[in-house]
Protein chains: 2
Amino acid sequence: MLKEGWLWGLGSGLLLLWLGAWLRPAEGGRVMVMPVEGSHWLSMKVLATELAQRGHDILLLVPETNILIQSSELFRTETFPVNLSKEELSTSLKGFQQGVFKRSPAMMDIVVQLERLLNFTESQVRGCESLLYNKPLMQKLKEENFEAVLTDPFLPCGPIIATALGIPAVYFLRGIPCGLDFSALQCPSPPSYVPRFQSGSTDKMTFVERIQNFVMSGVELVLCRIMYGSFDELAARYLDADVTYQDIISRGAIWLFRYDFTFEFPRPLMPNMVLIGGINCRKSALLSAEVEEFVMGSGEHGIVVFSLGSLVSSMPKEKAAIFFKAFSMIPQRVLWRYTGEIPDNVPENVKLMKWLPQNDLLGHPKARAFITHGGTHGIYEGICHGVPMVMIPLFGDQGDNVHRVATRGVGVILNIHDITAQTLVDALNAVINDSSYKQKMEKLSAIHNDRPMQPLDLAVYWTEFVMRHKGADHLRPAAHDLNWLQYHSLDVFGFLLFIVLIVTLVTFKCCALCWRRCCRKTQKRKED
Amino acid sequence: MLKEGWLWGLGSGLLLLWLGAWLRPAEGGRVMVMPVEGSHWLSMKVLATELAQRGHDILLLVPETNILIQSSELFRTETFPVNLSKEELSTSLKGFQQGVFKRSPAMMDIVVQLERLLNFTESQVRGCESLLYNKPLMQKLKEENFEAVLTDPFLPCGPIIATALGIPAVYFLRGIPCGLDFSALQCPSPPSYVPRFQSGSTDKMTFVERIQNFVMSGVELVLCRIMYGSFDELAARYLDADVTYQDIISRGAIWLFRYDFTFEFPRPLMPNMVLIGGINCRKSALLSAEVEEFVMGSGEHGIVVFSLGSLVSSMPKEKAAIFFKAFSMIPQRVLWRYTGEIPDNVPENVKLMKWLPQNDLLGHPKARAFITHGGTHGIYEGICHGVPMVMIPLFGDQGDNVHRVATRGVGVILNIHDITAQTLVDALNAVINDSSYKQKMEKLSAIHNDRPMQPLDLAVYWTEFVMRHKGADHLRPAAHDLNWLQYHSLDVFGFLLFIVLIVTLVTFKCCALCWRRCCRKTQKRKED
């Protein structure tokens, strides 16, 4: 009996061991994820979640006070204290939300935007500083022996930590203002057809636009100095080395760019750039019963989806009134992410929601138009699901974004300061009833969705590649070892010019000498 | 009974219809494939075969007289007459084979190579001409309504036909000498770190090498004129338009480049470049019983695989003697693709074969070294299977290729003119017994084989993409609409310089005027 029990125990043990081995997830690595706040996190979360689901041990490193970044049971979260209370953040956010609806004097727009960005980055640099000099936490991070850092180089903390700990970095970004990303990648960006940030140009420019873009590409260098000066200072001080922030990020192994040529203009790329534009779009899930009922009740007219992004969910009363009035004039039903003051006479065809299942609504067959602020997430979801757009840019890259979409003939731009109920109704009628918008959007959508590999799979693949091979050095161009003069072969050009000048001079002198001698001889003969 | 029969008939009919629909291959398109002769065809064949197997209707367009291109039951073949008999081709090939073993005077090497290339392209242009002006055949091709043309822009016929018939072109290539491919793609190639054809440099150059490369990048423009002048003339004449060959190929929808950064140096790319380097490598199949026995008989020493490529399978007797002698001095067994004169005393460890299952041999666990001429096919198979190489470049891009491989520390270069039995034995001993070669090669191989998608699948995908969307216009950069001055913003720079000069001049004049007036007044006052 004892013997049988022992055998039975051994058997069950072996079976359990075998089952355990069989059920165990694939061998995972350790990844530190350091996101940037706001909408930046929304798409990075998609990748972090997928990595966790594929068996990797993810540590999310976030400031104690934040807006959108939330921990998940899928990954561990490590918070670090920052000198910013929840109330201060909330006040600052409210100020920002109100600010975007205030008209700034003409020509001052870029200054206002720059100021906003500067305030944001400055506060973030301070937060980063308190993390970097938090010795116990940094020691803890070091001991984790991460195989990769996934971070957004829009802010300096992630790249600096990756450099300090000697961990290969995977960058996940939409872009860095002032083109610091392309400079750091050594990626050529000819100003003759690659439009600069806030230039308002497309890739096909007139002579005057090319002048503007050329000047802007020079101004960008100054802007970079202004905007990233504090990053440079922090990086050099913390790493105790003569480096700039550009030097730091230029060592990134793989750059996952939220970039796609159905939205952006074709331009040169570098081997370590992986394009994952549209990573946030997914097959639309079922709506809640209540929302589905509202949507289906729209009948043949369908619905309009309206959101101004993750940061702006309310607006001044008088501005909101314009929207309510316009919506009362259209036959479509409207789903609006709105947390502001609700007037008494909300039209019956409008449903206000605190949170909008934007992707699922845009993917619904009843979706007819999308009113958006022109953030890249919304735009990619719109393109992915083939819904024409009415775009009202508010800040940052949104002005450039909506310009790109409008150029493709799949959307109409409105100015938030000049908007009236009638212009909004006209714009909605145009994108809904003028079939050219829908046709062009369907074509664009088909191209966008026709990819050899889904952006999420691509992002996971290259992150795991960096973990497997401890970087991606074979994709790093030798251009990084050259200075500006060398890269542009100006030293070579100067040297060759010098040689040509010397040769010309010597030849000229020789000829002159010969000539003079000949002349003298002739003269002498004559005199003789 | 009648009713039952009717029912039975209907049932069987429906079943057959259902079965038919179920068994029918996926809806296929029509693709015209126009390859380039020689090794160029070997990898394009892989893609053409795969396309056919996936249900596409492939028409292979080949000259009546050819070397390697053979029809297959998988695709239809259309031949066109050329003014070259089988005998003439054979003689020319023999002359070429003997030529590569003749030492050309120092500094003349590039001239000899250029002459060879010129002769080849000229004969091909004549062949192409006879096809283009073959009206019945061209009419027949037009009526086929192809959805894509798959061709190698190394020779002009495919691109010109695609343009004439208005069919989107997919280019499949290793590259075009003189950099015409990158010029046509508007792809930046800074001469400071992108080594030019035959420059003998890597991506890390000294000042002198950068001068050479800079000069070479200028010489390339002249070379292009010399090499592709007849292509320009043919294209302009046949299409009756003011176009160059570069203009023609710049309209290619997708460029499938046999390029990979485990072999090439990292450099800028364009959005419509798809990298499929290593497309010819596949999992090694079983060897024939006889070959397998010979290979396994090598014991712990393993085998050496030796091939000088698809065009060179023999060599002068005295040259061959060096190889036979060297092989008698090593413990490995050697499998050699050799169709030349066989001496009496062939060493026992050497097996001569008319055709070598190169890929399968390199993928065999017994493979220790690969003696190759440095063609890209062999090199990619070597990297793919992780076998260190002894490289003996003969012509064309092989000099550049072997230089790249040697730079990675995974192979040794020998000169065919200076080779001795001892140098060959030393080289073989180095790559076989010095573990650093094998270690570096294994690392390189692991990176090469770690790709999100297999090159063949990628090539198929993008060919089908072009068929689905009638091109890939969204990937075409606006740089194509600019001339050289505009692209480099030289007109903008000139204009701004002009403005600055004018402003400076006017300011200076104004100051001078003010100064003079002030002086005059002071003088007048003094005089008064």
# chains A, B, ... in the order shown; residues from 1 in each chain; ligands from 1
>>> interface_residues(of="chain B", to="chain A", cutoff="7 Å", atoms="only C-alpha atoms", output="VMD selection string")
chain B and resid 187 192 to 193 203 to 204 211 261 to 262 266 to 271 452 458 461 474 to 479 486 to 489 492
>>> residues_around(residues="Ala285 (chain A)", least_positions_apart="3", cutoff="10 Å", atoms="only C-alpha atoms", output="list in words")
Arg282, Ser288, Pro357, Asn359, Asp360, Leu361, Gly363 and His364 of chain A
>>> select_by_dssp(residues="region 124-281 of chain B", states="alpha helix (DSSP H)", output="ChimeraX atom specification")
/B:124-132,135-143,157-165,180-185,207-239,245-249
>>> residues_around(residues="Thr49 (chain A)", least_positions_apart="5", cutoff="10 Å", atoms="only C-alpha atoms", output="list of chain:residue names")
A:Met44, A:Arg54, A:His56, A:Ile58, A:Ser72, A:Glu73, A:Leu74, A:Phe75
>>> residues_around(residues="region 332-346 of chain A", least_positions_apart="3", cutoff="9 Å", atoms="only C-alpha atoms", output="PyMOL selection string")
chain A and resi 291+294-295+297-309+312-317+320-321+324-325+327-328+349-356+361+368
>>> residues_around(residues="Trp255 (chain B)", least_positions_apart="6", cutoff="8 Å", atoms="only C-alpha atoms", output="PDB file with N, CA and C atoms, in the first residue's frame")
ATOM      1  N   VAL B 170       7.706  46.233 -60.672  1.00  0.00           N
ATOM      2  CA  VAL B 170       8.381  45.830 -59.438  1.00  0.00           C
ATOM      3  C   VAL B 170       9.810  45.476 -59.830  1.00  0.00           C
ATOM      4  N   TYR B 171      10.776  46.172 -59.248  1.00  0.00           N
ATOM      5  CA  TYR B 171      12.164  45.916 -59.602  1.00  0.00           C
ATOM      6  C   TYR B 171      12.788  44.954 -58.604  1.00  0.00           C
ATOM      7  N   PHE B 172      13.545  44.037 -59.148  1.00  0.00           N
ATOM      8  CA  PHE B 172      14.207  43.004 -58.338  1.00  0.00           C
ATOM      9  C   PHE B 172      15.681  43.095 -58.681  1.00  0.00           C
ATOM     10  N   LEU B 173      16.513  43.487 -57.749  1.00  0.00           N
ATOM     11  CA  LEU B 173      17.909  43.733 -58.110  1.00  0.00           C
ATOM     12  C   LEU B 173      18.872  43.628 -56.935  1.00  0.00           C
ATOM     13  N   ASN B 272      10.054  53.138 -50.683  1.00  0.00           N
ATOM     14  CA  ASN B 272       9.669  52.064 -51.614  1.00  0.00           C
ATOM     15  C   ASN B 272      10.796  51.053 -51.865  1.00  0.00           C
ATOM     16  N   MET B 273      11.815  51.080 -50.996  1.00  0.00           N
ATOM     17  CA  MET B 273      12.858  50.053 -51.058  1.00  0.00           C
ATOM     18  C   MET B 273      12.494  48.951 -50.062  1.00  0.00           C
ATOM     19  N   VAL B 274      12.426  47.723 -50.547  1.00  0.00           N
ATOM     20  CA  VAL B 274      12.131  46.588 -49.672  1.00  0.00           C
ATOM     21  C   VAL B 274      13.368  45.697 -49.682  1.00  0.00           C
TER      22      VAL B 274
END
>>> atom_distance(atom1="CA of Leu239 (chain B)", atom2="CA of Gly158 (chain B)")
13.3 Å
>>> closest_residue(among="B:Gln398, B:Glu209, B:Ile419, B:Val410", to="Ser436 (chain B)", atoms="only C-alpha atoms")
B:Val410
>>> residues_around(residues="region 100-102 of chain A", least_positions_apart="2", cutoff="9 Å", atoms="only C-alpha atoms", output="PyMOL selection string")
chain A and resi 95-98+104+312+315-316+319+394-395+416-417
>>> select_by_dssp(residues="region 391-436 of chain B", states="strand (DSSP E or B)", output="VMD selection string")
chain B and resid 391 411 to 413
>>> closest_residue(among="A:His385, A:His377, A:Arg196, A:Arg103", to="Ser284 (chain A)", atoms="only C-alpha atoms")
A:His385
